[in-house]
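Source file: entry_11.txt. Holds: compact mmCIF, C-alpha atoms.
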# COMPACT_ATOMS: atom_id res chain seq x y z
CA MET E 808 148.77 164.65 71.09
CA SER E 809 148.51 166.09 74.62
CA VAL E 810 151.43 166.01 77.04
CA PRO E 811 150.67 163.41 79.75
CA GLY E 812 150.41 165.04 83.15
CA ALA E 813 149.81 168.54 81.74
CA ALA E 814 146.47 170.23 82.36
CA ARG E 815 144.33 170.79 79.28
CA THR E 816 141.32 172.94 78.53
CA TYR E 817 138.52 171.13 76.72
CA GLU E 818 136.09 172.86 74.39
CA VAL E 819 132.70 171.57 75.55
CA GLY E 820 130.38 173.52 73.29
CA SER E 821 127.25 171.43 73.79
CA VAL E 822 125.74 168.68 75.92
CA ASP E 823 123.17 166.03 75.15
CA ARG E 824 119.81 167.45 76.23
CA GLY E 825 118.65 163.93 77.00
CA GLU E 826 121.50 163.61 79.51
CA VAL E 827 120.45 166.82 81.22
CA LEU E 828 116.88 165.51 81.45
CA ARG E 829 118.17 162.22 82.85
CA TYR E 830 120.07 164.04 85.59
CA LEU E 831 116.84 165.95 86.30
CA GLY E 832 115.05 162.61 86.84
CA TYR E 833 112.97 162.90 83.67
CA ARG E 834 110.86 159.80 82.99
CA ASP E 835 108.89 160.75 79.86
CA GLN E 836 106.83 163.36 81.72
CA LEU E 837 105.20 166.10 79.69
CA ILE E 838 107.37 169.25 79.63
CA ASP E 839 105.45 172.47 78.94
CA GLU E 840 106.80 175.10 76.57
CA GLY E 841 107.84 177.42 79.36
CA LEU E 842 109.97 174.82 81.15
CA ASP E 843 111.32 173.57 77.83
CA ALA E 844 112.61 177.04 76.97
CA ARG E 845 113.92 177.48 80.52
CA ILE E 846 116.02 174.33 80.26
CA ASP E 847 117.58 175.55 77.01
CA GLU E 848 118.30 178.94 78.58
CA VAL E 849 119.98 177.45 81.67
CA VAL E 850 121.99 174.93 79.65
CA ALA E 851 123.35 177.81 77.56
CA ARG E 852 124.25 179.66 80.76
CA CYS E 853 125.97 176.54 82.09
CA LEU E 854 128.14 176.26 78.99
CA ALA E 855 129.02 179.95 79.29
CA VAL E 856 130.20 179.81 82.93
CA SER E 857 131.88 176.39 82.81
CA ARG E 858 135.56 175.95 82.08
CA ALA E 859 136.19 172.29 81.40
CA ARG E 860 139.76 171.24 82.15
CA GLY E 861 141.50 167.96 82.83
CA VAL E 862 144.75 166.13 83.40
CA THR E 863 145.77 162.54 82.61
CA ARG E 864 148.71 160.24 83.32
CA VAL E 865 149.54 156.65 82.46
CA PHE E 866 151.24 154.26 84.89
CA GLU E 867 152.54 150.78 84.18
CA VAL E 868 151.02 147.94 86.20
CA ALA E 869 153.74 146.83 88.63
CA GLY E 870 151.89 143.80 89.99
CA ARG E 871 148.83 142.44 91.75
CA ASP E 872 148.47 141.11 95.27
CA GLU E 873 146.02 141.15 98.20
CA ARG E 874 145.61 143.18 101.37
CA ASP E 875 143.16 142.11 104.08
CA GLY E 876 141.50 139.79 101.57
CA ALA E 877 141.00 142.51 98.92
CA PRO E 878 142.81 142.50 95.55
CA VAL E 879 145.30 145.32 94.99
CA VAL E 880 146.58 146.56 91.62
CA ARG E 881 149.96 148.22 92.18
CA LEU E 882 151.25 150.87 89.76
CA SER E 883 154.83 151.87 88.97
CA GLY E 884 156.09 155.34 89.85
CA THR E 885 153.23 156.34 92.14
CA ALA E 886 151.84 155.70 95.62
CA LEU E 887 148.42 155.13 94.03
CA GLU E 888 147.11 151.60 94.58
CA LEU E 889 143.78 150.35 93.21
CA VAL E 890 141.99 148.22 95.80
CA GLY E 891 138.88 146.06 95.50
CA ARG E 892 137.37 143.23 93.51
CA SER E 893 135.42 145.60 91.24
CA ILE E 894 138.49 147.46 89.98
CA ASP E 895 140.57 144.27 89.91
CA GLU E 896 138.04 142.67 87.55
CA HIS E 897 137.72 145.85 85.50
CA LEU E 898 141.49 145.93 84.97
CA ASP E 899 141.96 142.19 84.48
CA GLY E 900 144.74 141.80 81.89
CA ALA E 901 145.68 145.50 81.85
CA VAL E 902 149.39 146.22 81.38
CA ALA E 903 149.03 149.92 82.24
CA VAL E 904 146.42 152.21 83.77
CA GLY E 905 145.39 155.68 82.67
CA VAL E 906 144.33 158.03 85.46
CA LEU E 907 142.25 161.15 84.87
CA ALA E 908 140.74 164.08 86.73
CA VAL E 909 138.47 166.70 85.18
CA THR E 910 136.48 169.67 86.43
CA ALA E 911 133.91 172.10 85.09
CA GLY E 912 135.49 174.87 87.17
CA MET E 913 134.70 177.25 90.02
CA GLY E 914 132.65 179.56 87.83
CA LEU E 915 129.91 176.95 87.74
CA ASP E 916 130.05 176.55 91.53
CA ALA E 917 129.68 180.31 91.94
CA GLU E 918 126.64 180.38 89.66
CA LEU E 919 125.04 177.48 91.55
CA ARG E 920 125.49 179.38 94.83
CA ARG E 921 123.99 182.53 93.33
CA LEU E 922 120.97 180.69 91.99
CA SER E 923 120.43 178.93 95.33
CA LEU E 924 119.52 182.38 96.68
CA THR E 925 117.65 183.76 93.67
CA ASP E 926 116.15 181.00 91.50
CA ARG E 927 115.91 177.47 92.86
CA VAL E 928 114.39 176.04 89.66
CA ALA E 929 117.28 177.36 87.59
CA GLN E 930 119.71 176.03 90.22
CA VAL E 931 118.35 172.49 89.84
CA ILE E 932 118.56 172.70 86.05
CA LEU E 933 122.08 174.17 86.19
CA ASP E 934 123.21 171.40 88.54
CA ALA E 935 121.98 168.77 86.05
CA ALA E 936 123.58 170.59 83.12
CA GLY E 937 126.85 170.86 85.06
CA SER E 938 126.87 167.10 85.58
CA ALA E 939 126.47 166.64 81.84
CA VAL E 940 129.31 169.12 81.15
CA VAL E 941 131.79 167.41 83.46
CA GLU E 942 130.97 164.02 81.95
CA ARG E 943 131.77 165.49 78.54
CA ALA E 944 135.06 166.70 80.00
CA ALA E 945 135.70 163.14 81.20
CA ASP E 946 135.00 161.91 77.65
CA ALA E 947 137.61 164.38 76.39
CA ALA E 948 140.20 163.24 78.95
CA GLU E 949 139.45 159.64 78.08
CA ALA E 950 140.05 160.48 74.42
CA ASP E 951 143.52 161.73 75.44
CA LEU E 952 144.16 158.34 77.07
CA VAL E 953 142.92 156.52 73.96
CA ALA E 954 145.48 158.43 71.89
CA GLU E 955 148.22 157.74 74.44
CA ALA E 956 147.32 154.05 74.41
CA ALA E 957 147.46 153.94 70.60
CA ALA E 958 150.92 155.55 70.67
CA ARG E 959 152.02 152.65 72.88
CA GLY E 960 150.35 150.03 70.67
CA LEU E 961 147.70 149.42 73.34
CA PHE E 962 143.91 149.63 73.61
CA CYS E 963 141.76 151.38 76.20
CA GLY E 964 138.96 149.88 78.22
CA SER E 965 136.26 152.05 79.79
CA ARG E 966 136.63 154.41 82.73
CA PHE E 967 135.87 153.42 86.32
CA SER E 968 135.64 155.86 89.22
CA PRO E 969 136.33 155.60 92.95
CA GLY E 970 133.05 154.83 94.71
CA TYR E 971 131.88 152.37 92.05
CA GLY E 972 131.39 148.83 93.40
CA ASP E 973 133.90 148.23 96.19
CA PHE E 974 136.53 150.57 94.70
CA PRO E 975 136.85 152.83 97.75
CA LEU E 976 136.19 156.56 97.67
CA GLU E 977 139.18 156.80 100.02
CA THR E 978 141.31 156.36 96.87
CA GLN E 979 140.60 159.99 95.97
CA PRO E 980 143.37 161.79 97.92
CA VAL E 981 146.19 159.64 96.52
CA LEU E 982 144.69 159.64 93.01
CA LEU E 983 144.46 163.44 92.96
CA ALA E 984 147.99 163.70 94.36
CA ALA E 985 149.28 161.38 91.62
CA LEU E 986 147.93 163.90 89.09
CA ASP E 987 148.94 166.98 91.09
CA ALA E 988 145.33 167.97 90.51
CA GLN E 989 145.17 170.62 93.22
CA ARG E 990 147.90 172.65 91.56
CA SER E 991 146.96 171.95 87.94
CA LEU E 992 143.15 172.01 88.21
CA GLY E 993 142.38 173.56 91.59
CA ILE E 994 140.59 170.41 92.80
CA THR E 995 140.51 169.99 96.58
CA LEU E 996 138.85 167.47 98.90
CA SER E 997 136.67 167.98 101.95
CA ARG E 998 137.03 165.77 105.02
CA SER E 999 134.14 163.70 103.65
CA LEU E 1000 136.06 163.29 100.35
CA LEU E 1001 133.76 165.54 98.32
CA MET E 1002 135.58 167.36 95.56
CA SER E 1003 135.62 171.10 94.99
CA PRO E 1004 134.76 172.35 92.40
CA ALA E 1005 131.67 170.20 92.91
CA LYS E 1006 131.43 169.25 89.24
CA SER E 1007 134.68 167.27 89.12
CA VAL E 1008 135.28 163.64 88.16
CA THR E 1009 138.16 161.22 88.64
CA ALA E 1010 138.53 157.82 87.00
CA VAL E 1011 140.95 155.13 85.89
CA VAL E 1012 141.08 153.38 82.52
CA GLY E 1013 142.83 150.09 81.76
CA LEU E 1014 145.26 149.84 78.84
CA PHE E 1015 145.40 146.39 77.22
CA GLU E 1016 147.42 144.58 74.60
CA ARG E 1017 144.22 143.58 72.76
CA PRO E 1018 140.88 145.35 72.24
CA ARG E 1019 138.32 144.76 74.99
CA GLY E 1020 135.05 143.28 73.75
CA THR E 1021 132.60 145.79 72.31
CA VAL E 1022 134.13 148.91 73.92
CA ARG E 1023 134.22 151.57 71.18
CA ALA E 1024 132.82 149.10 68.64
CA SER E 1025 132.25 152.05 66.29
CA CYS E 1026 133.25 155.69 66.13
CA ALA E 1027 129.63 156.74 65.69
CA ALA E 1028 128.62 155.37 69.09
CA CYS E 1029 131.78 156.36 70.98
CA PRO E 1030 131.34 159.03 73.69
CA CYS E 1031 134.90 160.25 72.99
CA ARG E 1032 134.16 160.85 69.28
CA ASP E 1033 134.00 164.66 69.41
CA PHE E 1034 137.40 164.88 71.13
CA CYS E 1035 139.20 161.99 69.44
CA LEU E 1036 142.70 162.85 68.25
CA LEU E 1037 143.00 159.58 66.30
CA ARG E 1038 139.85 160.16 64.26
CA ARG E 1039 141.13 163.58 63.20
CA SER E 1040 144.18 161.86 61.70
CA GLY E 1041 142.08 159.22 59.92
CA ARG E 1042 142.86 156.43 62.40
CA VAL E 1043 140.75 154.29 64.71
CA CYS E 1044 141.57 152.85 68.14
CA ARG E 1045 140.25 149.35 67.48
CA SER E 1046 143.04 147.95 65.31

For this file, write the structure as structure tokens.
Amino acid sequence: MSVPGAARTYEVGSVDRGEVLRYLGYRDQLIDEGLDARIDEVVARCLAVSRARGVTRVFEVAGRDERDGAPVVRLSGTALELVGRSIDEHLDGAVAVGVLAVTAGMGLDAELRRLSLTDRVAQVILDAAGSAVVERAADAAEADLVAEAAARGLFCGSRFSPGYGDFPLETQPVLLAALDAQRSLGITLSRSLLMSPAKSVTAVVGLFERPRGTVRASCAACPCRDFCLLRRSGRVCRS
């Protein structure tokens, strides 16, 4: 099991080609052989220059109240507070909250900048592939939280990121500080709250005393499957 709060490197050796096409805006259009081969070539390059890393921590829920009419989930041992009806509903019944940050690394940013000057088609494909890579890194970090939850006799919900619903993007600075993500992962924020490296993701995950609905109803359909520490030991997270 990973050490909570310690940065980890994740082995992302492949991405779902359908996800790359989705990020490219593919809607069942015909793809000619030349573009098809180009996508495969750029995806391979993306995997070569990316370095997927992440950090997670778990905080107990200290209480719930309201501020200016908005629900607030307060966490123990951190200045991080989760504000908004969307996140309040998502974490309804949670006794703890897992917090994660992941990045695909600066190598990918450098390649995107290079291609912006030399090959705009490849840049667009690489950008889509990078989005797929960082989501796989988020799956890996979530798998770490699933294992941490199981060690506590708890069950994970699904991840939810700042900017979804009314969960404010302004949460980002305190969330990243709670993970010490600048030091451990090199993630920084612009004044407009955009993360650098660009292909970085933050999210929170509720930990519950009972399984949540159909989340991870089977290992076969679980996005965390390839990184699951429980499955490797012959266990599941649903019981």

Kindly indicate which residue among E:Gly993, E:Pro1018, E:Gly912, E:Gly891 lies nearest to E:Pro969, using only C-alpha atoms for the distances. E:Gly891

Write out as lines of an AutoDock Vina configuration file an axis-aligned box for stretch 907-923 of chain E: all of its atoms listed in the file, 5 Å added on each side, centre and edge lengths in Å with one decimal.
center_x = 131.3
center_y = 171.8
center_z = 90.1
size_x = 31.8
size_y = 31.4
size_z = 20.5

I'd like a table as CSV: residues in stretch 931-1012 of chain E with an atom no more than 8 Å from stretch 850-868 of chain E, each row giving the shortest atom pair and its distance in Å to one decimal, only C-alpha atoms counted, sorted by chain and rising residue number.
residue,atom,partner,partner_atom,distance
E:Ile932,CA,E:Val850,CA,7.6
E:Leu933,CA,E:Cys853,CA,6.1
E:Ala936,CA,E:Val850,CA,5.8
E:Gly937,CA,E:Cys853,CA,6.5
E:Val940,CA,E:Leu854,CA,7.6
E:Val941,CA,E:Ala859,CA,6.9
E:Ala944,CA,E:Ala859,CA,5.9
E:Ala945,CA,E:Gly861,CA,7.7
E:Ala948,CA,E:Gly861,CA,6.2
E:Asp951,CA,E:Thr863,CA,7.6
E:Leu952,CA,E:Thr863,CA,7.1
E:Leu986,CA,E:Arg864,CA,6.9
E:Ala988,CA,E:Val862,CA,7.4
E:Ser991,CA,E:Val862,CA,7.7
E:Leu992,CA,E:Gly861,CA,6.9

Atom CA of E:Phe967 to atom CA of E:Val931, distance in Å rounded to a single decimal: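 Atom CA of E:Val931 lies at a distance of 26.1 Å from atom CA of E:Phe967.
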
Find the residues with any atom within 7 Å of (128.0, 174.3, 88.9); use only C-alpha atoms and the coordinates as given in the file, and write the answer as a PyMOL selection string. chain E and resi 915-919+933-934+937+1005-1006

Can I get the selection written as a short mmCIF file (atom, residue, chain, number, x, y, z; two decimals), in the coordinates of the input, with C-alpha atoms?
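Result file follows (selection_33.cif):
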data_model
loop_
_atom_site.label_atom_id
_atom_site.label_comp_id
_atom_site.auth_asym_id
_atom_site.auth_seq_id
_atom_site.Cartn_x
_atom_site.Cartn_y
_atom_site.Cartn_z
CA LEU E 915 129.91 176.95 87.74
CA ASP E 916 130.05 176.55 91.53
CA ALA E 917 129.68 180.31 91.94
CA GLU E 918 126.64 180.38 89.66
CA LEU E 919 125.04 177.48 91.55
CA LEU E 933 122.08 174.17 86.19
CA ASP E 934 123.21 171.40 88.54
CA GLY E 937 126.85 170.86 85.06
CA ALA E 1005 131.67 170.20 92.91
CA LYS E 1006 131.43 169.25 89.24
#

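Take the candidates E:Ser893, E:Met913, E:Ala984, E:Asp926 and check each one against E:Pro878 using only C-alpha atoms; the shortest distance goes to E:Ser893.
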
Which of these residues is nearest to E:Gly812, using all atoms listed in the file: E:Gly1020, E:Gly832, E:Gly970, E:Gly905?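 Smallest separation from E:Gly812 among the options: E:Gly905.
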
Which neighbours of E:Ala985 fall inside 7 Å, counting only C-alpha atoms, when residues of the same chain fewer than 3 positions from it are skipped, and could you give them as a ChimeraX atom specification? /E:885,887,981-982
